[in-house]
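Asks: To be precise about what I am sending: the file is called upload-v2.txt and holds compact mmCIF, C-alpha atoms.
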# COMPACT_ATOMS: atom_id res chain seq x y z
CA MET A 1 0.00 0.00 0.00
CA GLU A 2 1.12 3.53 -0.78
CA THR A 3 1.56 5.48 2.45
CA THR A 4 1.22 9.28 2.61
CA ASN A 5 4.95 9.41 2.99
CA ASP A 6 5.63 7.31 -0.14
CA ARG A 7 3.22 9.48 -2.03
CA LEU A 8 4.86 12.74 -0.95
CA LYS A 9 8.30 11.31 -1.81
CA LYS A 10 7.16 10.53 -5.36
CA GLN A 11 5.74 14.02 -5.73
CA ILE A 12 8.96 15.61 -4.42
CA ASN A 13 11.02 13.44 -6.80
CA PHE A 14 8.90 14.73 -9.65
CA VAL A 15 9.42 18.36 -8.58
CA ILE A 16 13.18 17.72 -8.58
CA GLU A 17 13.10 15.89 -11.93
CA ILE A 18 11.19 18.59 -13.80
CA ASP A 19 13.74 21.21 -12.73
CA LYS A 20 15.67 19.91 -15.77
CA LEU A 21 13.19 21.68 -18.07
CA LYS A 22 15.03 24.90 -17.13
CA ASN A 23 18.02 23.57 -19.06
CA ILE A 24 16.19 22.61 -22.26
CA TYR A 25 16.89 25.45 -24.66
CA ARG A 26 14.72 26.39 -27.61
CA GLN A 27 15.52 28.02 -30.97
CA THR A 28 13.82 31.22 -29.83
CA LEU A 29 15.78 34.16 -28.48
CA LEU A 30 14.46 36.23 -25.58
CA MET A 31 12.88 39.53 -26.66
CA ASP A 32 16.16 41.34 -25.85
CA GLY A 33 18.01 38.98 -28.23
CA LYS A 34 20.68 38.18 -25.63
CA ARG A 35 20.23 34.45 -25.14
CA TYR A 36 18.04 31.49 -26.05
CA GLU A 37 14.84 30.87 -24.16
CA ASN A 38 14.33 27.65 -22.22
CA ASP A 39 11.22 25.50 -22.01
CA ALA A 40 10.34 26.41 -18.41
CA GLU A 41 10.30 30.15 -19.19
CA HIS A 42 8.36 29.52 -22.38
CA SER A 43 5.75 27.48 -20.47
CA TRP A 44 5.36 30.22 -17.86
CA HIS A 45 4.87 32.82 -20.59
CA LEU A 46 2.16 30.66 -22.19
CA GLY A 47 0.42 30.31 -18.82
CA LEU A 48 -0.02 34.07 -18.60
CA MET A 49 -1.01 34.29 -22.26
CA VAL A 50 -3.89 31.90 -21.54
CA LEU A 51 -5.25 34.50 -19.12
CA LEU A 52 -4.43 37.51 -21.28
CA PHE A 53 -5.89 36.15 -24.51
CA SER A 54 -8.80 34.06 -23.24
CA GLU A 55 -11.29 36.34 -25.04
CA TYR A 56 -9.82 35.25 -28.40
CA ALA A 57 -10.26 31.50 -27.84
CA ALA A 58 -12.28 29.91 -30.66
CA GLY A 59 -14.24 27.74 -28.26
CA LYS A 60 -16.62 29.69 -26.04
CA ASN A 61 -16.89 28.81 -22.34
CA ILE A 62 -13.77 26.70 -22.52
CA ASP A 63 -12.12 25.43 -19.34
CA LEU A 64 -9.21 27.86 -18.98
CA PHE A 65 -7.88 26.05 -15.92
CA ARG A 66 -7.37 22.94 -18.09
CA VAL A 67 -5.70 25.06 -20.77
CA ILE A 68 -3.22 26.39 -18.18
CA LYS A 69 -2.50 22.89 -16.92
CA MET A 70 -1.77 21.77 -20.48
CA VAL A 71 0.62 24.61 -21.25
CA LEU A 72 2.53 24.11 -17.99
CA ILE A 73 2.91 20.39 -18.76
CA HIS A 74 3.20 20.35 -22.56
CA ASP A 75 7.00 20.45 -22.87
CA LEU A 76 7.98 18.14 -19.98
CA VAL A 77 8.70 15.29 -22.42
CA GLU A 78 11.50 17.43 -23.89
CA ILE A 79 13.55 16.71 -20.74
CA ASP A 80 14.40 13.42 -22.47
CA ALA A 81 13.38 14.05 -26.08
CA GLY A 82 14.94 17.51 -26.43
CA ASP A 83 13.47 20.49 -28.24
CA THR A 84 12.57 19.65 -31.85
CA PHE A 85 12.75 22.82 -33.98
CA CYS A 86 9.38 23.06 -35.66
CA TYR A 87 10.85 23.60 -39.15
CA ASP A 88 13.19 20.59 -38.88
CA LYS A 89 11.56 17.91 -41.04
CA LYS A 90 14.16 15.22 -40.33
CA ALA A 91 13.86 15.52 -36.54
CA ALA A 92 10.06 15.44 -36.90
CA LEU A 93 10.23 11.85 -38.20
CA ASP A 94 10.91 10.17 -34.86
CA LYS A 95 9.66 13.02 -32.64
CA ASN A 96 6.53 11.14 -31.61
CA GLU A 97 8.40 7.97 -30.66
CA ARG A 98 11.01 9.90 -28.66
CA GLU A 99 8.32 11.84 -26.83
CA GLN A 100 6.18 8.81 -26.01
CA ARG A 101 9.19 7.12 -24.42
CA ALA A 102 9.94 10.29 -22.47
CA ALA A 103 6.35 10.50 -21.24
CA ASP A 104 6.53 6.86 -20.06
CA ARG A 105 9.57 7.59 -17.93
CA ILE A 106 8.81 11.08 -16.63
CA PHE A 107 5.14 10.69 -15.70
CA SER A 108 5.82 7.31 -14.05
CA ILE A 109 7.73 9.14 -11.31
CA LEU A 110 4.35 10.41 -10.00
CA PRO A 111 1.77 8.52 -7.89
CA ALA A 112 -0.51 6.55 -10.24
CA ASP A 113 -3.50 8.93 -10.16
CA GLN A 114 -1.39 12.01 -10.90
CA SER A 115 0.65 10.14 -13.49
CA MET A 116 -2.58 9.36 -15.38
CA GLU A 117 -3.86 12.93 -15.02
CA PHE A 118 -0.65 14.52 -16.33
CA ARG A 119 -0.27 12.02 -19.17
CA SER A 120 -3.83 12.54 -20.27
CA LEU A 121 -3.42 16.34 -20.25
CA TRP A 122 -0.26 16.00 -22.36
CA GLU A 123 -2.01 13.66 -24.82
CA GLU A 124 -4.98 16.00 -25.08
CA PHE A 125 -2.57 18.84 -25.91
CA GLU A 126 -0.80 16.76 -28.57
CA ARG A 127 -3.98 15.63 -30.30
CA MET A 128 -5.38 19.18 -30.74
CA VAL A 129 -8.98 17.97 -30.93
CA THR A 130 -10.67 19.69 -27.98
CA PRO A 131 -11.23 23.49 -28.00
CA GLU A 132 -8.98 23.69 -24.91
CA SER A 133 -6.03 21.98 -26.60
CA ARG A 134 -6.51 23.97 -29.80
CA PHE A 135 -6.31 27.21 -27.86
CA ALA A 136 -3.23 25.97 -25.97
CA ALA A 137 -1.57 24.91 -29.23
CA ALA A 138 -2.40 28.26 -30.84
CA LEU A 139 -0.60 30.12 -28.04
CA ASP A 140 2.32 27.68 -28.24
CA ARG A 141 2.81 28.78 -31.88
CA PHE A 142 1.90 32.45 -31.42
CA GLN A 143 4.47 33.08 -28.69
CA PRO A 144 7.61 32.18 -30.73
CA LEU A 145 6.22 34.20 -33.67
CA LEU A 146 6.18 37.27 -31.42
CA HIS A 147 9.71 36.50 -30.23
CA ASN A 148 10.98 36.02 -33.77
CA TYR A 149 9.39 39.23 -34.97
CA ASN A 150 10.80 41.19 -32.01
CA THR A 151 14.32 39.84 -32.57
CA GLN A 152 14.33 40.83 -36.27
CA GLY A 153 13.70 37.25 -37.34
CA ALA A 154 16.79 35.81 -35.64
CA ALA A 155 15.65 32.15 -35.65
CA TRP A 156 14.04 32.44 -39.12
CA LYS A 157 17.26 33.81 -40.59
CA LYS A 158 19.49 31.31 -38.80
CA HIS A 159 17.55 28.43 -40.32
CA GLY A 160 16.73 30.08 -43.67
CA VAL A 161 12.99 29.64 -43.17
CA SER A 162 10.62 31.17 -45.78
CA SER A 163 7.37 33.03 -45.14
CA ASP A 164 5.47 30.19 -46.85
CA SER A 165 6.71 27.64 -44.34
CA VAL A 166 6.00 30.01 -41.44
CA LEU A 167 2.44 30.42 -42.71
CA GLU A 168 2.06 26.67 -43.28
CA ARG A 169 3.52 25.71 -39.89
CA ASN A 170 1.43 28.20 -37.92
CA LYS A 171 -1.88 28.25 -39.74
CA HIS A 172 -3.53 25.98 -37.18
CA ILE A 173 -3.54 29.01 -34.85
CA VAL A 174 -6.79 29.88 -36.66
CA ASN A 175 -8.47 26.82 -35.09
CA GLY A 176 -7.64 27.92 -31.56
CA ALA A 177 -7.67 31.70 -31.73
CA PRO A 178 -8.84 33.22 -35.06
CA GLU A 179 -8.15 36.88 -34.14
CA LEU A 180 -4.62 36.01 -33.06
CA TRP A 181 -4.08 34.31 -36.44
CA MET A 182 -5.24 37.49 -38.22
CA PHE A 183 -2.73 39.45 -36.17
CA ALA A 184 0.01 36.83 -36.75
CA LYS A 185 -0.46 37.11 -40.52
CA THR A 186 0.07 40.88 -40.42
CA LEU A 187 3.25 40.29 -38.36
CA ILE A 188 4.51 37.76 -40.92
CA GLU A 189 3.81 40.13 -43.84
CA ASP A 190 5.52 42.96 -42.01
CA ALA A 191 8.50 40.69 -41.22
CA VAL A 192 8.91 40.00 -44.95
CA ARG A 193 8.69 43.73 -45.72
CA LYS A 194 11.34 44.52 -43.13
CA GLY A 195 13.69 41.77 -44.28
CA TYR A 196 13.33 39.66 -41.11
CA LEU A 197 11.94 36.75 -43.13
CA ARG A 198 12.52 35.71 -46.76
CA ARG A 199 9.59 35.29 -49.12
CA MET B 1 -13.18 54.43 -27.02
CA GLU B 2 -10.89 51.41 -26.90
CA THR B 3 -11.08 49.51 -30.17
CA THR B 4 -10.37 45.76 -30.40
CA ASN B 5 -7.13 46.66 -32.07
CA ASP B 6 -6.04 49.04 -29.27
CA ARG B 7 -6.91 46.36 -26.78
CA LEU B 8 -4.89 43.66 -28.53
CA LYS B 9 -1.93 46.05 -28.85
CA LYS B 10 -1.93 46.66 -25.10
CA GLN B 11 -2.07 42.92 -24.44
CA ILE B 12 0.80 42.26 -26.88
CA ASN B 13 2.85 45.05 -25.26
CA PHE B 14 2.32 43.37 -21.90
CA VAL B 15 3.44 39.98 -23.28
CA ILE B 16 6.62 41.66 -24.57
CA GLU B 17 7.19 43.57 -21.30
CA ILE B 18 6.92 40.54 -19.04
CA ASP B 19 9.57 38.70 -21.06
CA LYS B 20 11.98 40.66 -18.82
CA LEU B 21 11.08 38.38 -15.90
CA LYS B 22 13.31 35.77 -17.59
CA ASN B 23 16.27 38.00 -16.76
CA ILE B 24 15.47 38.56 -13.09
CA TYR B 25 17.76 36.18 -11.24
CA ARG B 26 17.12 34.82 -7.76
CA GLN B 27 19.46 33.66 -5.00
CA THR B 28 18.47 30.05 -5.64
CA LEU B 29 20.60 27.71 -7.73
CA LEU B 30 18.99 25.21 -10.10
CA MET B 31 18.90 21.67 -8.71
CA ASP B 32 22.06 20.81 -10.71
CA GLY B 33 23.83 23.73 -9.01
CA LYS B 34 25.09 25.13 -12.33
CA ARG B 35 23.47 28.55 -12.45
CA TYR B 36 21.00 30.81 -10.66
CA GLU B 37 17.31 30.39 -11.28
CA ASN B 38 15.25 33.21 -12.75
CA ASP B 39 11.78 34.37 -11.73
CA ALA B 40 10.00 33.06 -14.84
CA GLU B 41 11.30 29.52 -14.30
CA HIS B 42 10.50 29.74 -10.58
CA SER B 43 6.92 30.84 -11.35
CA TRP B 44 6.44 27.96 -13.81
CA HIS B 45 7.72 25.50 -11.21
CA LEU B 46 5.23 26.85 -8.66
CA GLY B 47 2.41 26.52 -11.17
CA LEU B 48 3.00 22.79 -11.44
CA MET B 49 3.47 22.49 -7.67
CA VAL B 50 -0.04 23.92 -7.21
CA LEU B 51 -1.36 20.91 -9.13
CA LEU B 52 0.99 18.37 -7.56
CA PHE B 53 0.43 19.43 -3.95
CA SER B 54 -3.20 20.52 -4.02
CA GLU B 55 -4.14 17.73 -1.58
CA TYR B 56 -1.96 19.38 1.09
CA ALA B 57 -3.61 22.81 0.93
CA ALA B 58 -4.88 23.91 4.37
CA GLY B 59 -8.10 25.28 2.92
CA LYS B 60 -10.44 22.63 1.57
CA ASN B 61 -12.23 23.22 -1.75
CA ILE B 62 -10.00 26.12 -2.57
CA ASP B 63 -9.99 27.64 -6.04
CA LEU B 64 -6.82 26.12 -7.52
CA PHE B 65 -7.23 28.07 -10.75
CA ARG B 66 -6.92 31.31 -8.76
CA VAL B 67 -3.86 29.90 -6.95
CA ILE B 68 -2.18 29.19 -10.30
CA LYS B 69 -2.99 32.69 -11.56
CA MET B 70 -1.40 34.14 -8.41
CA VAL B 71 1.82 32.15 -8.68
CA LEU B 72 2.23 33.01 -12.38
CA ILE B 73 1.77 36.72 -11.59
CA HIS B 74 3.36 37.04 -8.14
CA ASP B 75 6.89 38.04 -9.19
CA LEU B 76 6.09 40.39 -12.10
CA VAL B 77 6.77 43.44 -9.92
CA GLU B 78 10.39 42.27 -9.65
CA ILE B 79 10.92 43.37 -13.27
CA ASP B 80 11.34 46.85 -11.78
CA ALA B 81 11.87 46.16 -8.08
CA GLY B 82 14.38 43.30 -8.48
CA ASP B 83 14.54 40.12 -6.43
CA THR B 84 14.75 40.87 -2.70
CA PHE B 85 16.57 38.00 -0.96
CA CYS B 86 14.22 36.90 1.78
CA TYR B 87 16.91 36.98 4.51
CA ASP B 88 18.05 40.52 3.59
CA LYS B 89 16.61 42.74 6.34
CA LYS B 90 17.91 46.01 4.88
CA ALA B 91 16.39 45.43 1.43
CA ALA B 92 13.11 44.46 3.11
CA LEU B 93 12.71 48.00 4.47
CA ASP B 94 11.66 49.63 1.18
CA LYS B 95 10.55 46.43 -0.60
CA ASN B 96 6.87 47.28 -0.35
CA GLU B 97 7.31 50.79 -1.73
CA ARG B 98 9.47 49.57 -4.62
CA GLU B 99 7.00 46.86 -5.49
CA GLN B 100 3.93 49.10 -5.35
CA ARG B 101 5.58 51.51 -7.80
CA ALA B 102 6.47 48.58 -10.06
CA ALA B 103 2.89 47.30 -9.96
CA ASP B 104 1.62 50.76 -10.93
CA ARG B 105 3.78 50.84 -14.03
CA ILE B 106 3.64 47.21 -15.16
CA PHE B 107 -0.07 46.47 -14.72
CA SER B 108 -1.01 49.81 -16.33
CA ILE B 109 0.26 48.46 -19.66
CA LEU B 110 -2.84 46.22 -19.75
CA PRO B 111 -6.41 47.18 -20.74
CA ALA B 112 -8.20 48.54 -17.63
CA ASP B 113 -10.20 45.39 -16.78
CA GLN B 114 -7.19 43.09 -17.00
CA SER B 115 -5.02 45.60 -15.18
CA MET B 116 -7.45 45.52 -12.25
CA GLU B 117 -7.69 41.73 -12.33
CA PHE B 118 -3.92 41.19 -12.32
CA ARG B 119 -3.31 43.84 -9.65
CA SER B 120 -5.94 42.38 -7.41
CA LEU B 121 -4.49 38.86 -7.76
CA TRP B 122 -1.04 40.22 -6.89
CA GLU B 123 -2.40 42.07 -3.86
CA GLU B 124 -4.29 39.01 -2.69
CA PHE B 125 -1.04 37.02 -2.90
CA GLU B 126 0.88 39.65 -0.93
CA ARG B 127 -1.68 39.93 1.88
CA MET B 128 -1.77 36.16 2.58
CA VAL B 129 -5.26 36.28 4.10
CA THR B 130 -7.30 33.99 1.83
CA PRO B 131 -6.72 30.20 1.84
CA GLU B 132 -5.73 30.48 -1.85
CA SER B 133 -3.00 33.05 -1.22
CA ARG B 134 -1.75 31.18 1.85
CA PHE B 135 -1.33 28.04 -0.22
CA ALA B 136 0.40 30.00 -3.00
CA ALA B 137 2.74 31.67 -0.47
CA ALA B 138 3.51 28.31 1.15
CA LEU B 139 4.66 26.90 -2.20
CA ASP B 140 6.64 30.07 -2.90
CA ARG B 141 8.68 29.34 0.26
CA PHE B 142 8.74 25.56 -0.04
CA GLN B 143 10.27 25.52 -3.54
CA PRO B 144 13.51 27.41 -2.70
CA LEU B 145 13.88 25.24 0.44
CA LEU B 146 13.94 22.18 -1.80
CA HIS B 147 16.45 23.85 -4.10
CA ASN B 148 18.68 24.86 -1.22
CA TYR B 149 18.59 21.40 0.30
CA ASN B 150 19.38 19.78 -3.06
CA THR B 151 22.32 22.11 -3.71
CA GLN B 152 23.93 21.36 -0.32
CA GLY B 153 22.70 24.65 1.09
CA ALA B 154 24.46 26.83 -1.51
CA ALA B 155 22.40 30.01 -0.90
CA TRP B 156 22.25 29.46 2.88
CA LYS B 157 26.05 29.14 3.06
CA LYS B 158 26.71 32.08 0.75
CA HIS B 159 24.67 34.38 2.99
CA GLY B 160 25.58 32.71 6.30
CA VAL B 161 21.94 32.06 7.16
CA SER B 162 21.19 30.06 10.37
CA SER B 163 18.60 27.32 10.82
CA ASP B 164 16.70 29.58 13.23
CA SER B 165 16.19 32.23 10.57
CA VAL B 166 15.23 29.60 8.00
CA LEU B 167 12.61 28.26 10.44
CA GLU B 168 11.40 31.76 11.27
CA ARG B 169 11.23 32.92 7.66
CA ASN B 170 9.40 29.83 6.42
CA LYS B 171 7.10 28.94 9.28
CA HIS B 172 4.07 30.50 7.58
CA ILE B 173 4.12 27.47 5.25
CA VAL B 174 2.12 25.83 8.05
CA ASN B 175 -0.81 28.17 7.31
CA GLY B 176 -1.00 27.18 3.67
CA ALA B 177 0.12 23.56 3.65
CA PRO B 178 0.67 21.97 7.09
CA GLU B 179 2.01 18.60 5.78
CA LEU B 180 4.53 20.38 3.60
CA TRP B 181 5.71 22.34 6.63
CA MET B 182 6.21 19.07 8.55
CA PHE B 183 8.29 17.80 5.66
CA ALA B 184 10.18 21.12 5.36
CA LYS B 185 11.16 20.91 9.04
CA THR B 186 12.69 17.45 8.55
CA LEU B 187 14.64 18.81 5.56
CA ILE B 188 15.92 21.73 7.64
CA GLU B 189 16.99 19.43 10.48
CA ASP B 190 18.70 17.12 8.02
CA ALA B 191 20.43 20.09 6.36
CA VAL B 192 21.90 21.07 9.76
CA ARG B 193 23.03 17.47 10.35
CA LYS B 194 24.73 17.34 6.94
CA GLY B 195 26.43 20.72 7.36
CA TYR B 196 24.40 22.46 4.62
CA LEU B 197 23.02 24.95 7.15
CA ARG B 198 24.51 26.32 10.38
CA ARG B 199 22.62 25.99 13.64
Reformat the file's structure so that it appears as structure tokens.
Replies:
Amino acid sequence: METTNDRLKKQINFVIEIDKLKNIYRQTLLMDGKRYENDAEHSWHLGLMVLLFSEYAAGKNIDLFRVIKMVLIHDLVEIDAGDTFCYDKKAALDKNEREQRAADRIFSILPADQSMEFRSLWEEFERMVTPESRFAAALDRFQPLLHNYNTQGAAWKKHGVSSDSVLERNKHIVNGAPELWMFAKTLIEDAVRKGYLRR
Amino acid sequence: METTNDRLKKQINFVIEIDKLKNIYRQTLLMDGKRYENDAEHSWHLGLMVLLFSEYAAGKNIDLFRVIKMVLIHDLVEIDAGDTFCYDKKAALDKNEREQRAADRIFSILPADQSMEFRSLWEEFERMVTPESRFAAALDRFQPLLHNYNTQGAAWKKHGVSSDSVLERNKHIVNGAPELWMFAKTLIEDAVRKGYLRR
């Protein structure tokens, strides 16, 4: 039988384990351009964007608490699987397999009930079927767009990304937050005009 | 009149402004001891701890969504006011004044309704009167304790903090999460035994 003490130990071990997310760096620079952003900071930023942009969610009366849970959890698998740059087609091939294995290990640190809850929130986020996960996924794409625009397209230039692939990769924002997609398209056009992004 | 476009611009400006929290460094080292933690990462970690430790909250049936909002917002004022090390008595003298001024500036970037909402969540957190804010404040103290213990007392040693002041400074954890305070006390005792913390 699981005692209270065993249970707390598992939870503490999980808190210690997920500290590693602070060392998983993304392709996005901070707004001041001085260093790369890590997944923990990115997830925090998304959490506040859920609150800030809730009025633009495509689904009405969605469960914002569940959206926040999803964005705080969504990148934990990258502790093992690493950050896969969203324009990297080769890395995308085995992304799912790497992340499933990571989820098996990381969520199993938790007591069974919480392990199931966290895993199911992560899977909901990945599937992008519910209005909640679509809104979460829209913010997860909108945030790096803002960072790229505000750093004169640093990550776009580094990887030679074109405006067509940025539009293609981000267009699902429209399913989660249509007004934010309208705004994102004007940013992308303006980025091309300013030379931050090639056509 | 505020148009939709004005409103979205204010919200975007706020998203850009709060990116600065990623450059506000704390006295706490990451669990691997390799660098200092910043406020954005710390706030993300607390967000997940709200979910993980909800069963230990002193108040029953508390609004966990509001607790998460508070922990994601609670350090934003440090963008202007800086991180005040909790054992620094001199810096504590004008902490409140510095933070009120910061709140005035930072929250005023938002549309009026959201500015009021965020400010009121921050003030609720600071006052530690409601069960929600007591739980949030308990986690805000419990997390750096875990970090200090797991880095062999790095911040405690650097600042020559004694176990008495650690007990004194953290004892309000009992008001928000009594079981976590029990656990914290065993960590503190063990830290003294292992030489991480002076008596």
Asks: Taking all atoms listed in the file into account, report as number ranges by chain which residues of chain A lie within 8 Å of chain B.
Replies: A: 11, 15-16, 19-20, 22, 30-31, 40-41, 43-45, 47-49, 52-53, 65, 69, 72-73, 114
Asks: Return the single residue from A:Asp6, A:Glu126, A:Asp164, A:Asp140 that is closest to A:Val192, with distances computed using all atoms listed in the file.
Replies: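 Of all the options, A:Asp164 lies closest to A:Val192.
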Asks: Restricting the calculation to all atoms listed in the file, which member of A:Gly160, A:Gly33, A:Gly82, A:Pro131 is positioned closest to A:Val67?
Replies: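 Looking only at the distances to A:Val67, the closest residue turns out to be A:Pro131.
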Asks: Provide the atom CA of A:Asn13 to atom CA of A:Arg105 distance in Å, to one decimal place.
Replies: 12.7 Å
Asks: Applying 12 Å and all atoms listed in the file, which residues near stretch 91-97 of chain B remain after dropping the ones on its own chain fewer than 3 positions away? List them as a ChimeraX atom specification.
Replies: /B:77-78,80-88,100-104,123,126-127
Asks: Adding 6 Å on each side of the box along x, y and z that holds all listed atoms of stretch 142-156 of chain B, could you give its centre and edge lengths in Å to one decimal, as lines of an AutoDock Vina configuration file?
Replies:
center_x = 16.6
center_y = 24.9
center_z = -0.6
size_x = 27.7
size_y = 22.2
size_z = 19.0
Asks: Just to confirm, what's the straight-line distance from atom CA of B:Ser162 to atom CA of B:Arg198 in Å (one decimal)?
Replies: 5.0 Å
Asks: Please reconstruct the missing atoms of stretch 161-179 of chain A (target: N, CA, C and O atoms) and return them as a tab-separated table (two decimals), keeping the file's coordinate frame.
Replies:
chain	number	residue	atom	x	y	z
A	161	VAL	N	14.41	29.97	-43.00
A	161	VAL	CA	12.99	29.64	-43.17
A	161	VAL	C	12.31	30.68	-44.08
A	161	VAL	O	12.65	31.85	-44.03
A	162	SER	N	11.36	30.25	-44.90
A	162	SER	CA	10.62	31.17	-45.78
A	162	SER	C	9.26	31.51	-45.18
A	162	SER	O	8.74	30.78	-44.33
A	163	SER	N	8.68	32.61	-45.67
A	163	SER	CA	7.37	33.03	-45.14
A	163	SER	C	6.31	31.96	-45.43
A	163	SER	O	5.39	31.76	-44.62
A	164	ASP	N	6.43	31.26	-46.56
A	164	ASP	CA	5.47	30.19	-46.85
A	164	ASP	C	5.49	29.10	-45.78
A	164	ASP	O	4.44	28.63	-45.34
A	165	SER	N	6.69	28.71	-45.35
A	165	SER	CA	6.71	27.64	-44.34
A	165	SER	C	6.25	28.18	-42.98
A	165	SER	O	5.63	27.44	-42.22
A	166	VAL	N	6.51	29.44	-42.70
A	166	VAL	CA	6.00	30.01	-41.44
A	166	VAL	C	4.47	30.02	-41.45
A	166	VAL	O	3.82	29.63	-40.47
A	167	LEU	N	3.91	30.41	-42.60
A	167	LEU	CA	2.44	30.42	-42.71
A	167	LEU	C	1.88	29.00	-42.59
A	167	LEU	O	0.92	28.75	-41.86
A	168	GLU	N	2.52	28.06	-43.28
A	168	GLU	CA	2.06	26.67	-43.28
A	168	GLU	C	2.14	26.06	-41.87
A	168	GLU	O	1.21	25.44	-41.38
A	169	ARG	N	3.27	26.32	-41.19
A	169	ARG	CA	3.52	25.71	-39.89
A	169	ARG	C	2.62	26.29	-38.80
A	169	ARG	O	2.34	25.62	-37.81
A	170	ASN	N	2.16	27.52	-38.99
A	170	ASN	CA	1.43	28.20	-37.92
A	170	ASN	C	-0.06	28.36	-38.19
A	170	ASN	O	-0.80	28.83	-37.33
A	171	LYS	N	-0.50	27.94	-39.36
A	171	LYS	CA	-1.88	28.25	-39.74
A	171	LYS	C	-2.92	27.62	-38.82
A	171	LYS	O	-4.05	28.09	-38.75
A	172	HIS	N	-2.53	26.57	-38.08
A	172	HIS	CA	-3.53	25.98	-37.18
A	172	HIS	C	-3.88	26.91	-36.01
A	172	HIS	O	-4.82	26.63	-35.26
A	173	ILE	N	-3.15	28.02	-35.86
A	173	ILE	CA	-3.54	29.01	-34.85
A	173	ILE	C	-5.00	29.42	-35.07
A	173	ILE	O	-5.74	29.66	-34.12
A	174	VAL	N	-5.43	29.45	-36.34
A	174	VAL	CA	-6.79	29.88	-36.66
A	174	VAL	C	-7.84	29.00	-35.98
A	174	VAL	O	-8.94	29.46	-35.64
A	175	ASN	N	-7.51	27.73	-35.74
A	175	ASN	CA	-8.47	26.82	-35.09
A	175	ASN	C	-8.61	27.08	-33.59
A	175	ASN	O	-9.60	26.69	-32.98
A	176	GLY	N	-7.61	27.69	-33.00
A	176	GLY	CA	-7.64	27.92	-31.56
A	176	GLY	C	-7.94	29.35	-31.19
A	176	GLY	O	-8.56	29.62	-30.15
A	177	ALA	N	-7.52	30.28	-32.06
A	177	ALA	CA	-7.67	31.70	-31.73
A	177	ALA	C	-7.65	32.51	-33.03
A	177	ALA	O	-6.61	33.06	-33.41
A	178	PRO	N	-8.79	32.58	-33.73
A	178	PRO	CA	-8.84	33.22	-35.06
A	178	PRO	C	-8.30	34.65	-35.10
A	178	PRO	O	-7.56	35.00	-36.01
A	179	GLU	N	-8.64	35.49	-34.11
A	179	GLU	CA	-8.15	36.88	-34.14
A	179	GLU	C	-6.63	36.93	-34.00
A	179	GLU	O	-5.99	37.81	-34.57
